[in-house]
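See below for the structure under consideration.
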Amino acid sequence: MSSYETYNRIFKLGMQSALEYRMDLIFSLFGAFFPIMIQYFIWSAVYADNPDQAYFGYSYHEMIMYTIFAAFTTRIVMTHVEHEMALDIKDGHLNRFLVRPIHYFSYRFFNLIGQKMFFNCLMVCAIFTVLISYSIYAGTPLRLERILLFLVAVILAFILNMLISYAIAAIAFWLSEISYFFEMTGLFVIIISGGVFPVDIFGPWVNAMLDYSPFKLTIYFAANVVSGQLAREEIIVGIGMQGLWIIIMYTLSRVLWRIGMKRYLGLGG
């Protein structure tokens, strides 16, 4: 069997797994709207006294649009596969990949794409629905170039987040029980990636530090691409930085896993 057939089959298995739990998919769709409602009421209260005032560089309508796009983008790019990877390491399920001609990261990557394919398509449709509705409401033209740049940015953000999760999961080689650690790091990554609110509110010092990390190039960057907060040149530079960080994180994750495999015992596999 060729590599294409192998990973195509893995991709299809991921899709079947996602469609098998339909109620979980439905609840996930509804769950994407709750953060938007909470943020809407919070920012409506903040801007209530002076709706024309710009906070952190965002007007009221821009902040609401960022909130909507960031919530949907978070659902698209966050992978949360570190729990499954850690379980494979702890229970010895990693053994089956060591004796087969399948790369573990590639297996997880294509399986994850299959699992999230239908859900992510719905999230992208929701983003475009909001974007088209706002363009009609505000009387601004909807530019195809920005839509294409957003699709590129969100795909690269998904890959980058997958690699971040892959690198974090390597900690399971040293710690046996780290589920709470993953919960903590997962929330922390969402916050500093701009999934809760724009990272601009952290101030110039924190923003300057985040410029040297991959997190700002995921949710925050993709949401600002589609909302129109970034100029074309800034988007091109950001996409280039995403590609650079993908290379860096892939290299880092491979190094961490190679070191971790020297400690792997394969018990229970």
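Numbering starts fresh at 1 for the residues of each chain in the structure tokens, the chains themselves are lettered A, B, ... in the order given, and ligands are numbered from 1 as they appear.
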
> Leaving out Ile259 in chain A and any residue of its chain fewer than 2 positions from it, which residues lie within 12 Å of it when counting only C-alpha atoms, given as a list in words?
Replying inline: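 Within the cut-off, the hits are Ala167, Ala170, Ile171, Ala172, Phe173, Trp174, Leu252, Ser253, Arg254, Val255, Leu256, Trp257, Met261, Lys262, Arg263 and Tyr264 of chain A.
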
Put those residues in a file: C-alpha atoms, as a short mmCIF file (atom, residue, chain, number, x, y, z; two decimals), in the first residue's frame.
data_model
loop_
_atom_site.label_atom_id
_atom_site.label_comp_id
_atom_site.auth_asym_id
_atom_site.auth_seq_id
_atom_site.Cartn_x
_atom_site.Cartn_y
_atom_site.Cartn_z
CA ALA A 167 5.72 19.48 21.20
CA ALA A 170 6.31 15.16 24.49
CA ILE A 171 6.29 16.14 28.18
CA ALA A 172 4.35 12.90 28.75
CA PHE A 173 7.66 11.03 28.34
CA TRP A 174 8.81 12.60 31.62
CA LEU A 252 11.67 21.40 18.02
CA SER A 253 8.96 18.75 18.30
CA ARG A 254 11.09 16.19 16.45
CA VAL A 255 14.01 16.87 18.80
CA LEU A 256 11.80 16.58 21.91
CA TRP A 257 10.25 13.32 20.70
CA MET A 261 11.73 8.09 22.96
CA LYS A 262 14.95 7.22 24.77
CA ARG A 263 12.90 7.21 28.00
CA TYR A 264 9.91 5.38 26.53
#

Closest atom pairs, range 188-245 of chain A residues within 8 Å of range 52-69 of chain A, only C-alpha atoms, as JSON lines:
{"residue": "A:Val196", "atom": "CA", "partner": "A:Thr67", "partner_atom": "CA", "distance": 7.6}
{"residue": "A:Phe197", "atom": "CA", "partner": "A:Thr67", "partner_atom": "CA", "distance": 6.8}
{"residue": "A:Pro198", "atom": "CA", "partner": "A:Tyr66", "partner_atom": "CA", "distance": 7.7}
{"residue": "A:Asp200", "atom": "CA", "partner": "A:Phe56", "partner_atom": "CA", "distance": 6.0}
{"residue": "A:Ile201", "atom": "CA", "partner": "A:Phe56", "partner_atom": "CA", "distance": 6.0}
{"residue": "A:Ala223", "atom": "CA", "partner": "A:Phe69", "partner_atom": "CA", "distance": 5.3}
{"residue": "A:Asn224", "atom": "CA", "partner": "A:Tyr66", "partner_atom": "CA", "distance": 6.9}
{"residue": "A:Val226", "atom": "CA", "partner": "A:Phe69", "partner_atom": "CA", "distance": 7.6}
{"residue": "A:Ser227", "atom": "CA", "partner": "A:Tyr66", "partner_atom": "CA", "distance": 6.5}

>> Rounded to one decimal, what separation in Å do you get between CA of Tyr166 in chain A and CA of Glu82 in chain A?
In response: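 Straight-line distance from CA of Tyr166 in chain A to CA of Glu82 in chain A works out to 6.3 Å.
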
> Contacts of Thr79 in chain A at 8 Å or less, counting only C-alpha atoms, minus same-chain residues fewer than 6 places along, as a PyMOL selection string?
Replying inline: chain A and resi 112+158+161-162+165
